[in-house]
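input_23.txt (compact mmCIF, C-alpha atoms)
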# COMPACT_ATOMS: atom_id res chain seq x y z
CA MET O 1 -32.26 48.65 13.52
CA LYS O 2 -33.02 51.59 15.81
CA ILE O 3 -35.19 54.69 15.68
CA ALA O 4 -32.88 57.59 14.85
CA LYS O 5 -35.13 60.60 14.29
CA ILE O 6 -38.73 61.74 14.78
CA GLU O 7 -40.04 64.77 12.88
CA GLN O 8 -43.42 66.46 12.58
CA PHE O 9 -45.03 68.28 9.65
CA PHE O 10 -48.11 70.45 9.21
CA PRO O 11 -48.94 70.67 5.50
CA ARG O 12 -52.67 71.44 5.79
CA ARG O 13 -55.30 72.59 8.26
CA ARG O 14 -56.45 69.60 10.27
CA MET O 15 -53.34 67.63 9.32
CA ARG O 16 -50.52 66.80 11.75
CA LEU O 17 -48.00 64.26 10.45
CA VAL O 18 -45.20 62.37 12.18
CA LYS O 19 -42.20 60.89 10.35
CA ILE O 20 -40.02 58.27 12.04
CA THR O 21 -36.63 57.48 10.47
CA THR O 22 -34.43 54.53 11.41
CA ASP O 23 -30.66 54.36 11.49
CA ASN O 24 -30.67 52.27 8.30
CA GLY O 25 -32.80 54.78 6.40
CA LEU O 26 -36.29 53.28 6.60
CA VAL O 27 -39.06 55.85 7.04
CA GLY O 28 -42.52 55.47 8.54
CA TRP O 29 -45.38 57.98 8.45
CA GLY O 30 -48.34 58.49 10.78
CA GLU O 31 -51.01 61.08 11.44
CA THR O 32 -51.66 62.64 14.86
CA THR O 33 -54.29 65.21 13.89
CA LEU O 34 -56.56 66.03 16.83
CA GLU O 35 -59.41 68.27 15.75
CA GLY O 36 -59.77 71.32 17.95
CA LYS O 37 -56.39 70.87 19.67
CA PRO O 38 -53.88 71.82 16.97
CA MET O 39 -50.84 72.21 19.25
CA SER O 40 -51.44 69.47 21.82
CA THR O 41 -50.35 66.35 19.96
CA ILE O 42 -47.23 68.16 18.72
CA ALA O 43 -46.07 68.52 22.32
CA ALA O 44 -47.09 64.95 23.15
CA VAL O 45 -45.07 63.48 20.27
CA ASN O 46 -42.04 65.55 21.33
CA GLU O 47 -42.31 64.08 24.82
CA LEU O 48 -42.71 60.52 23.55
CA ALA O 49 -39.74 60.92 21.19
CA GLU O 50 -37.43 60.96 24.21
CA TYR O 51 -38.47 57.37 24.93
CA LEU O 52 -38.53 56.15 21.32
CA ILE O 53 -35.16 57.37 20.05
CA GLY O 54 -32.73 54.45 20.05
CA LYS O 55 -35.45 51.79 20.36
CA ASP O 56 -36.22 48.91 17.98
CA PRO O 57 -39.13 50.09 15.76
CA LEU O 58 -40.35 46.53 15.20
CA ARG O 59 -41.41 46.06 18.84
CA ILE O 60 -44.71 47.77 18.15
CA GLU O 61 -46.85 46.13 20.83
CA HIS O 62 -44.16 46.71 23.45
CA HIS O 63 -43.95 50.41 22.62
CA TRP O 64 -47.75 50.69 22.56
CA GLN O 65 -47.97 49.21 26.06
CA HIS O 66 -45.23 51.46 27.39
CA ILE O 67 -46.70 54.66 25.98
CA TYR O 68 -50.21 53.81 27.18
CA ARG O 69 -49.34 52.54 30.64
CA SER O 70 -46.06 54.01 31.84
CA ALA O 71 -47.12 57.57 32.66
CA PHE O 72 -49.70 56.49 35.29
CA PHE O 73 -52.45 58.63 33.73
CA ARG O 74 -53.75 56.53 30.87
CA GLY O 75 -55.73 57.44 27.78
CA GLY O 76 -57.20 60.81 26.92
CA ASN O 77 -57.52 62.25 23.44
CA VAL O 78 -54.09 63.92 23.33
CA LEU O 79 -52.06 60.88 24.39
CA MET O 80 -54.13 58.46 22.32
CA SER O 81 -53.87 60.61 19.17
CA ALA O 82 -50.09 60.95 19.58
CA LEU O 83 -49.81 57.21 20.22
CA SER O 84 -51.99 56.53 17.18
CA GLY O 85 -49.74 58.41 14.78
CA ILE O 86 -46.61 56.81 16.20
CA ASP O 87 -48.19 53.36 15.95
CA GLN O 88 -49.09 53.97 12.28
CA ALA O 89 -45.54 55.05 11.52
CA LEU O 90 -44.07 51.95 13.20
CA TRP O 91 -46.36 49.66 11.20
CA ASP O 92 -45.29 51.54 8.05
CA ILE O 93 -41.65 50.83 8.92
CA SER O 94 -42.40 47.18 9.67
CA GLY O 95 -44.05 46.63 6.32
CA LYS O 96 -41.12 48.26 4.54
CA TYR O 97 -38.63 46.21 6.58
CA TYR O 98 -40.33 42.93 5.62
CA GLN O 99 -41.14 44.28 2.13
CA VAL O 100 -44.89 43.61 2.33
CA PRO O 101 -48.05 45.67 2.79
CA THR O 102 -48.75 46.11 6.48
CA TYR O 103 -51.98 44.10 6.32
CA LYS O 104 -49.94 40.98 5.50
CA LEU O 105 -48.34 41.31 8.94
CA LEU O 106 -51.79 41.55 10.56
CA GLY O 107 -53.02 38.14 9.43
CA GLY O 108 -53.52 38.78 5.75
CA ALA O 109 -56.41 40.15 3.74
CA VAL O 110 -59.94 38.78 4.11
CA ARG O 111 -61.22 40.83 1.13
CA ASP O 112 -59.95 41.98 -2.23
CA ARG O 113 -61.07 45.62 -2.11
CA ILE O 114 -62.33 48.19 0.39
CA CYS O 115 -65.81 49.73 0.11
CA VAL O 116 -65.80 53.47 0.90
CA TYR O 117 -68.45 56.13 1.36
CA ALA O 118 -68.25 59.82 0.53
CA HIS O 119 -69.66 62.93 2.17
CA TRP O 120 -72.62 64.34 0.26
CA GLY O 121 -75.90 65.90 1.24
CA ILE O 122 -78.53 68.53 0.56
CA GLY O 123 -78.01 71.29 3.09
CA SER O 124 -80.59 73.68 1.70
CA ARG O 125 -83.57 73.33 -0.60
CA ASP O 126 -83.19 76.80 -2.10
CA GLU O 127 -82.02 77.08 -5.70
CA LYS O 128 -78.36 77.59 -4.85
CA GLY O 129 -78.28 74.75 -2.32
CA LEU O 130 -79.89 72.28 -4.70
CA GLU O 131 -77.54 73.25 -7.52
CA GLN O 132 -74.47 72.76 -5.33
CA ALA O 133 -75.73 69.39 -4.13
CA LYS O 134 -76.48 68.25 -7.68
CA ILE O 135 -73.02 69.23 -8.94
CA ARG O 136 -71.22 67.38 -6.14
CA LEU O 137 -73.40 64.29 -6.53
CA GLU O 138 -72.71 64.11 -10.25
CA TRP O 139 -68.98 64.46 -9.58
CA LEU O 140 -69.01 61.68 -6.97
CA GLN O 141 -71.11 59.38 -9.13
CA LYS O 142 -68.26 59.29 -11.65
CA SER O 143 -66.37 57.16 -9.11
CA GLY O 144 -69.36 54.90 -8.56
CA TYR O 145 -69.88 55.48 -4.85
CA THR O 146 -72.60 53.26 -3.42
CA ALA O 147 -72.97 55.09 -0.09
CA PHE O 148 -73.03 58.68 1.14
CA LYS O 149 -73.21 60.43 4.52
CA SER O 150 -74.82 63.73 5.45
CA GLY O 151 -76.35 65.21 8.58
CA PRO O 152 -78.39 68.00 10.13
CA SER O 153 -76.61 71.33 9.97
CA GLY O 154 -76.64 74.12 12.51
CA LYS O 155 -77.22 74.10 16.25
CA TRP O 156 -79.84 71.84 17.82
CA ARG O 157 -81.37 72.48 21.23
CA ALA O 158 -83.05 69.99 23.56
CA HIS O 159 -86.04 70.20 21.25
CA GLU O 160 -86.73 71.97 17.97
CA PRO O 161 -89.99 73.13 16.40
CA PRO O 162 -91.58 71.02 13.65
CA ALA O 163 -90.27 73.33 10.92
CA VAL O 164 -86.62 72.57 11.80
CA VAL O 165 -87.12 68.81 11.96
CA ASP O 166 -89.30 68.80 8.85
CA ASP O 167 -86.72 70.72 6.82
CA PHE O 168 -83.96 68.24 7.65
CA VAL O 169 -86.22 65.26 6.93
CA ALA O 170 -87.31 66.84 3.64
CA CYS O 171 -83.65 67.19 2.61
CA ALA O 172 -83.05 63.54 3.53
CA ASN O 173 -86.07 62.37 1.56
CA LEU O 174 -84.92 64.40 -1.44
CA MET O 175 -81.51 62.74 -1.23
CA ARG O 176 -83.24 59.36 -1.40
CA GLU O 177 -85.30 60.51 -4.35
CA TRP O 178 -82.19 61.61 -6.23
CA VAL O 179 -80.06 58.48 -5.66
CA GLY O 180 -82.73 55.78 -5.56
CA ASP O 181 -82.99 52.68 -3.42
CA GLU O 182 -79.76 51.03 -4.56
CA ILE O 183 -77.61 53.58 -2.71
CA GLU O 184 -76.98 53.61 1.05
CA LEU O 185 -77.48 56.87 2.98
CA GLY O 186 -76.23 57.55 6.51
CA PHE O 187 -76.83 60.58 8.73
CA ASP O 188 -74.41 61.97 11.29
CA PHE O 189 -76.23 63.72 14.17
CA HIS O 190 -72.81 64.73 15.55
CA GLY O 191 -73.86 64.12 19.15
CA LYS O 192 -75.98 67.28 19.06
CA MET O 193 -79.31 65.84 20.19
CA THR O 194 -80.94 64.62 23.36
CA PRO O 195 -82.25 61.04 23.38
CA ALA O 196 -85.85 62.23 23.04
CA LEU O 197 -85.14 64.47 20.05
CA ALA O 198 -82.92 61.86 18.38
CA ILE O 199 -85.69 59.28 18.70
CA GLU O 200 -88.21 61.69 17.20
CA VAL O 201 -85.97 62.50 14.23
CA CYS O 202 -85.10 58.84 13.63
CA HIS O 203 -88.78 57.97 13.44
CA GLN O 204 -89.26 60.70 10.86
CA LEU O 205 -86.32 59.35 8.81
CA GLN O 206 -87.42 55.73 9.05
CA PRO O 207 -89.51 55.59 5.83
CA MET O 208 -86.49 56.42 3.65
CA ARG O 209 -84.51 53.55 5.23
CA PRO O 210 -81.18 55.06 6.34
CA MET O 211 -78.20 52.76 6.57
CA PHE O 212 -77.32 54.25 9.95
CA VAL O 213 -77.64 57.24 12.25
CA GLU O 214 -74.28 58.28 13.67
CA GLU O 215 -73.74 59.69 17.16
CA PRO O 216 -77.40 60.49 17.86
CA VAL O 217 -76.35 61.63 21.34
CA PRO O 218 -72.99 62.64 22.90
CA GLN O 219 -70.56 59.79 23.47
CA GLU O 220 -70.13 60.02 27.24
CA ASN O 221 -73.35 58.26 28.26
CA VAL O 222 -73.80 54.76 26.81
CA ASP O 223 -77.14 54.36 28.61
CA ALA O 224 -78.50 57.34 26.69
CA LEU O 225 -77.27 55.79 23.43
CA LYS O 226 -78.93 52.52 24.42
CA GLN O 227 -82.19 54.41 25.03
CA VAL O 228 -82.12 55.64 21.43
CA SER O 229 -81.22 52.30 19.88
CA ASP O 230 -83.95 50.55 21.89
CA HIS O 231 -86.63 52.88 20.52
CA VAL O 232 -85.74 53.07 16.82
CA ILE O 233 -85.28 50.52 14.05
CA VAL O 234 -82.66 52.62 12.25
CA PRO O 235 -79.20 51.11 12.96
CA VAL O 236 -77.20 53.27 15.38
CA ALA O 237 -73.47 53.94 14.97
CA THR O 238 -70.99 55.52 17.36
CA GLY O 239 -67.35 55.54 18.37
CA GLU O 240 -65.30 58.27 16.70
CA ARG O 241 -64.69 59.83 20.13
CA LEU O 242 -64.13 56.56 22.00
CA LEU O 243 -60.43 55.92 22.37
CA SER O 244 -59.75 52.29 23.34
CA ARG O 245 -61.25 48.85 23.97
CA TRP O 246 -61.99 49.93 27.50
CA GLU O 247 -64.16 52.80 26.28
CA PHE O 248 -65.98 50.59 23.76
CA ARG O 249 -66.61 47.80 26.26
CA LYS O 250 -69.95 49.03 27.59
CA VAL O 251 -71.21 49.79 24.07
CA PHE O 252 -70.64 46.11 23.23
CA GLU O 253 -71.91 44.65 26.47
CA THR O 254 -75.17 46.62 26.35
CA GLN O 255 -75.60 46.14 22.58
CA ALA O 256 -76.10 49.90 22.33
CA ALA O 257 -74.96 50.22 18.71
CA ALA O 258 -75.12 48.18 15.53
CA TYR O 259 -71.93 49.69 14.11
CA ILE O 260 -68.83 51.22 15.66
CA GLN O 261 -66.58 53.90 14.20
CA PRO O 262 -63.16 53.87 15.87
CA ASP O 263 -60.72 56.40 14.46
CA VAL O 264 -57.26 55.05 13.64
CA SER O 265 -55.72 58.44 14.54
CA HIS O 266 -57.47 58.70 17.91
CA ALA O 267 -58.13 55.17 19.18
CA GLY O 268 -54.58 53.89 19.51
CA GLY O 269 -53.62 53.41 15.89
CA ILE O 270 -53.66 50.24 13.82
CA THR O 271 -52.74 48.10 16.84
CA GLU O 272 -55.71 49.10 18.99
CA VAL O 273 -58.33 49.56 16.26
CA LYS O 274 -57.79 45.98 15.09
CA LYS O 275 -58.25 44.80 18.69
CA ILE O 276 -61.43 46.88 19.02
CA ALA O 277 -62.75 45.33 15.81
CA ASN O 278 -61.92 41.81 16.98
CA MET O 279 -63.69 42.51 20.26
CA ALA O 280 -66.74 43.80 18.36
CA GLU O 281 -66.91 40.66 16.24
CA ILE O 282 -68.16 38.46 19.07
CA TYR O 283 -71.12 40.83 19.54
CA TYR O 284 -71.91 40.78 15.77
CA VAL O 285 -71.08 44.47 15.63
CA HIS O 286 -69.50 45.70 12.40
CA ILE O 287 -66.96 48.47 12.06
CA MET O 288 -67.08 51.55 9.84
CA PRO O 289 -63.83 53.31 10.76
CA HIS O 290 -64.11 57.07 11.15
CA CYS O 291 -61.62 59.10 9.11
CA ALA O 292 -62.28 62.78 8.45
CA ILE O 293 -58.70 64.05 8.39
CA GLY O 294 -55.73 63.35 6.10
CA PRO O 295 -54.53 60.68 3.65
CA ILE O 296 -52.03 59.00 5.97
CA ALA O 297 -54.75 58.27 8.52
CA PHE O 298 -56.95 57.02 5.68
CA SER O 299 -54.15 54.76 4.41
CA ALA O 300 -53.77 53.30 7.90
CA CYS O 301 -57.52 52.59 7.95
CA LEU O 302 -57.23 50.59 4.73
CA GLN O 303 -54.73 48.24 6.39
CA VAL O 304 -57.19 47.43 9.19
CA ASP O 305 -60.14 47.23 6.80
CA ALA O 306 -58.30 44.60 4.78
CA VAL O 307 -57.94 42.14 7.66
CA VAL O 308 -61.08 42.56 9.77
CA PRO O 309 -63.92 40.10 8.97
CA ASN O 310 -66.58 42.39 10.47
CA PHE O 311 -65.63 45.43 8.41
CA LEU O 312 -68.58 47.09 6.65
CA LEU O 313 -67.69 50.47 5.18
CA GLN O 314 -64.87 53.02 5.29
CA GLU O 315 -65.41 56.77 5.66
CA GLN O 316 -63.48 58.78 3.06
CA ILE O 317 -63.32 62.53 2.61
CA ASP O 318 -61.88 64.13 -0.52
CA THR O 319 -58.45 64.90 0.97
CA GLY O 320 -58.15 61.32 2.23
CA LEU O 321 -57.25 60.07 -1.23
CA GLY O 322 -53.88 61.81 -1.15
CA ASN O 323 -54.30 64.60 -3.68
CA ASP O 324 -50.95 66.38 -4.03
CA LEU O 325 -49.42 64.90 -0.84
CA PHE O 326 -48.92 61.42 -2.31
CA GLU O 327 -46.99 60.53 -5.42
CA THR O 328 -50.01 58.44 -6.44
CA SER O 329 -53.45 59.07 -4.96
CA TRP O 330 -55.86 56.31 -3.95
CA LYS O 331 -58.44 55.70 -6.67
CA VAL O 332 -62.12 54.95 -6.10
CA GLU O 333 -63.73 52.76 -8.76
CA ASN O 334 -67.32 51.56 -8.47
CA GLY O 335 -67.26 52.63 -4.83
CA TYR O 336 -64.20 50.55 -3.92
CA ILE O 337 -60.45 51.00 -3.46
CA GLU O 338 -58.28 48.06 -4.41
CA LEU O 339 -56.08 46.59 -1.68
CA PRO O 340 -52.79 48.46 -1.26
CA THR O 341 -49.88 46.72 -2.97
CA GLY O 342 -46.98 48.90 -1.80
CA ASP O 343 -44.84 48.05 1.23
CA GLY O 344 -45.92 49.38 4.61
CA LEU O 345 -48.98 51.62 4.48
CA GLY O 346 -48.77 51.58 0.70
CA PHE O 347 -48.04 55.17 -0.34
CA GLU O 348 -45.10 57.36 -1.31
CA VAL O 349 -45.11 60.84 0.23
CA ASP O 350 -44.24 63.92 -1.79
CA GLU O 351 -41.98 65.42 0.85
CA LYS O 352 -41.75 68.77 -0.92
CA MET O 353 -45.49 69.21 -0.39
CA VAL O 354 -45.48 67.72 3.11
CA ARG O 355 -42.78 70.10 4.26
CA GLN O 356 -44.99 73.11 3.60
CA ASP O 357 -45.94 74.52 7.00
CA ASN O 358 -49.49 75.84 6.93
CA ARG O 359 -50.06 76.07 10.66
CA ILE O 360 -51.45 79.20 12.24
CA THR O 361 -48.87 79.25 15.01
CA GLN O 362 -48.74 81.59 17.98
CA ASP O 363 -45.63 83.26 16.51
CA LYS O 364 -47.47 83.94 13.27
CA MET O 365 -50.43 85.35 15.17
CA ASN O 366 -48.11 87.61 17.17
CA LEU O 367 -46.50 88.90 13.98
CA LEU O 368 -49.95 89.73 12.65
CA GLY O 369 -50.77 91.62 15.81
CA TYR O 370 -53.32 89.14 17.16
CA GLY O 371 -53.54 87.38 20.50
CA LEU O 372 -54.18 83.69 21.05
CA VAL O 373 -54.37 81.18 18.21
CA PRO O 374 -58.03 81.25 17.07
CA SER O 375 -60.03 78.32 18.38
CA ASP O 376 -61.60 77.71 14.99
CA GLU O 377 -58.26 77.01 13.28
CA GLU O 378 -58.89 73.28 13.19
CA LEU O 379 -62.52 72.63 14.00
CA GLY O 380 -65.67 74.22 15.20
CA GLY O 381 -64.79 77.47 16.86
CA GLU O 382 -67.25 79.19 19.17
CA PHE O 383 -70.87 78.06 18.94
CA TYR O 384 -73.68 79.63 20.91
CA HIS O 385 -77.44 79.41 20.99
CA LEU O 386 -79.53 82.56 20.61
CA ASP O 387 -79.65 82.94 24.39
CA GLY O 388 -75.84 82.96 24.60
CA SER O 389 -75.42 79.47 26.02
CA VAL O 390 -72.84 77.09 24.53
CA ALA O 391 -73.98 74.91 21.63
CA ASP O 392 -72.44 71.66 20.36
CA TRP O 393 -70.60 71.75 17.05

Using structure tokens, write down the structure from this file.
Amino acid sequence: MKIAKIEQFFPRRRMRLVKITTDNGLVGWGETTLEGKPMSTIAAVNELAEYLIGKDPLRIEHHWQHIYRSAFFRGGNVLMSALSGIDQALWDISGKYYQVPTYKLLGGAVRDRICVYAHWGIGSRDEKGLEQAKIRLEWLQKSGYTAFKSGPSGKWRAHEPPAVVDDFVACANLMREWVGDEIELGFDFHGKMTPALAIEVCHQLQPMRPMFVEEPVPQENVDALKQVSDHVIVPVATGERLLSRWEFRKVFETQAAAYIQPDVSHAGGITEVKKIANMAEIYYVHIMPHCAIGPIAFSACLQVDAVVPNFLLQEQIDTGLGNDLFETSWKVENGYIELPTGDGLGFEVDEKMVRQDNRITQDKMNLLGYGLVPSDEELGGEFYHLDGSVADW
């Protein structure tokens, strides 16, 4: 069996899919979405296809090593995201070849179902904001979610006046009031704060007992993360922008975080995320895989979640369940998704829907009379403080 064809599809914003087909007709799917760089992984996959065509798709570790190491310059978010999607697709093929769910090739399941959390929060305490939050909460509660994640909106400077901090904390406390003490609440700071400000805000949140605070500071400086975790009792989580075991190593060795959040579409795919999780286990660090893109990435996460003893909770956004891209969407019941039973990654793609091309390409922009592809197509855009300096998204 050899790899015969590699195709890419762009059915939604923030959704880049790769399809690998073998010469005997098996198909594997992966997701290479890289937020903020909508065209980059497309080019990377095209380059890597030259190596992969004609190769045995079952030699997953061998291909992973070649792609990561052979080009001299290792890592980086573009290469690792492209590698991640390819790795997912190869595991999908392997499961279909052996006619088992992929997790059975990874050592077998250590749990019977996967606990997931949804995105929900109170962004504003005005009448409209509260009504919107109430409607979404009631909708999510129908699926029995036991955990939610929110975060401070807007741009945060090195320090903010009491009114800004107090408003966010008031929203967090109101969330706790609405859901009670049986529900877990996490807060994503999105790497927007300095250590001093993050510590201040964490202390203000402490009475409502958050499950975790995510990315309190940017990911580049583990010592700064350690400073936060040493000064707060709220568990600290990080890792969605760390791309391999080598980048997680210092987080583990310094015990800078209680939970890690590797992304299966950025951190080397199923192969590497399982290794990261196994490495974390010896430090008693649990994983909560990050997944804020499409359903194929989410499906790949479920395979890792099934086999990792130190798994805690899986991030899940609405589109992650499959919606109209899968023949059958994932179903959340009482806050859990049952283990996949289908071969490979466990889903059947509706190719008619997947083949819709919803990219904002340069050609389309030229036809419309515009210049460069807008930077906010996928994520963020341009963010500035009032003085004109760049702000974090």

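The spacing separating CA of Glu327 in chain O from CA of Arg13 in chain O amounts to 20.0 Å.
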
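For the residues O:Trp156, O:Trp139, O:Tyr284, O:Trp120, ranking by smallest atom-to-atom distance to Ala172 in chain O using only C-alpha atoms places O:Trp120 first.
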
Using all atoms listed in the file, which residues sit within 10 Å of Tyr384 in chain O once same-chain residues fewer than 6 positions away are excluded, as a PyMOL selection string? chain O and resi 155+390-393

Can those selected residues be exported to a file as an mmCIF file, in the frame of the given file so that it contains C-alpha atoms?
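See again_19.cif below for the written result:
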data_model
loop_
_atom_site.group_PDB
_atom_site.id
_atom_site.type_symbol
_atom_site.label_atom_id
_atom_site.label_comp_id
_atom_site.auth_asym_id
_atom_site.auth_seq_id
_atom_site.Cartn_x
_atom_site.Cartn_y
_atom_site.Cartn_z
ATOM 1 C CA LYS O 155 -77.220 74.100 16.250
ATOM 2 C CA VAL O 390 -72.840 77.090 24.530
ATOM 3 C CA ALA O 391 -73.980 74.910 21.630
ATOM 4 C CA ASP O 392 -72.440 71.660 20.360
ATOM 5 C CA TRP O 393 -70.600 71.750 17.050
#

Which residues, written as number ranges by chain, have at least one atom at most 7 Å from range 110-116 of chain O, with all atoms listed in the file counted and residues fewer than 3 positions away on the same chain left out? O: 305-309, 313-316, 335-339

Using all atoms listed in the file, determine which residues lie at most 7 Å from range 200-210 of chain O, disregarding the query and same-chain residues fewer than 5 positions distant; provide the list as an NGL selection string. :O and (165 or 169 or 173 or 176 or 184-186 or 232 or 234)

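Here CA of Asp167 in chain O stands at a distance of 22.5 Å from CA of His231 in chain O.
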
Extract, using all atoms listed in the file, all DNA, RNA and protein residues at most 7 Å from Leu242 in chain O, discarding same-chain residues fewer than 4 positions from it, and format them as an mmCIF file with C-alpha atoms, in the coordinates of the input.
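Here's the written file around.cif:
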data_model
loop_
_atom_site.group_PDB
_atom_site.id
_atom_site.type_symbol
_atom_site.label_atom_id
_atom_site.label_comp_id
_atom_site.auth_asym_id
_atom_site.auth_seq_id
_atom_site.Cartn_x
_atom_site.Cartn_y
_atom_site.Cartn_z
ATOM 1 C CA GLU O 247 -64.160 52.800 26.280
ATOM 2 C CA PHE O 248 -65.980 50.590 23.760
ATOM 3 C CA PRO O 262 -63.160 53.870 15.870
ATOM 4 C CA ALA O 267 -58.130 55.170 19.180
#

List the spatial neighbours of Thr102 in chain O as a ChimeraX atom specification - criterion: any atom at most 12 Å away, only C-alpha atoms, same-chain residues fewer than 3 positions off excluded. /O:28,87-99,105-109,270-271,299-307,339-347

Straight-line distance linking CA of Leu130 in chain O with CA of Glu333 in chain O, stated in Å to one decimal: 25.7 Å

Between O:Pro289, O:Gly36, O:Pro161, O:Gly85, which residue has the minimum interatomic distance to Arg16 in chain O, considering only C-alpha atoms? O:Gly85

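Residue nearest Ala280 in chain O, chosen from O:Ser265, O:Thr254, O:Gln227, O:Thr328 and counting all atoms listed in the file: O:Thr254.
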
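Of the listed residues O:Ile293, O:Leu321, O:Asn24, O:Met39, the one whose atoms come nearest to Gln8 in chain O is O:Met39, with distances taken using all atoms listed in the file.
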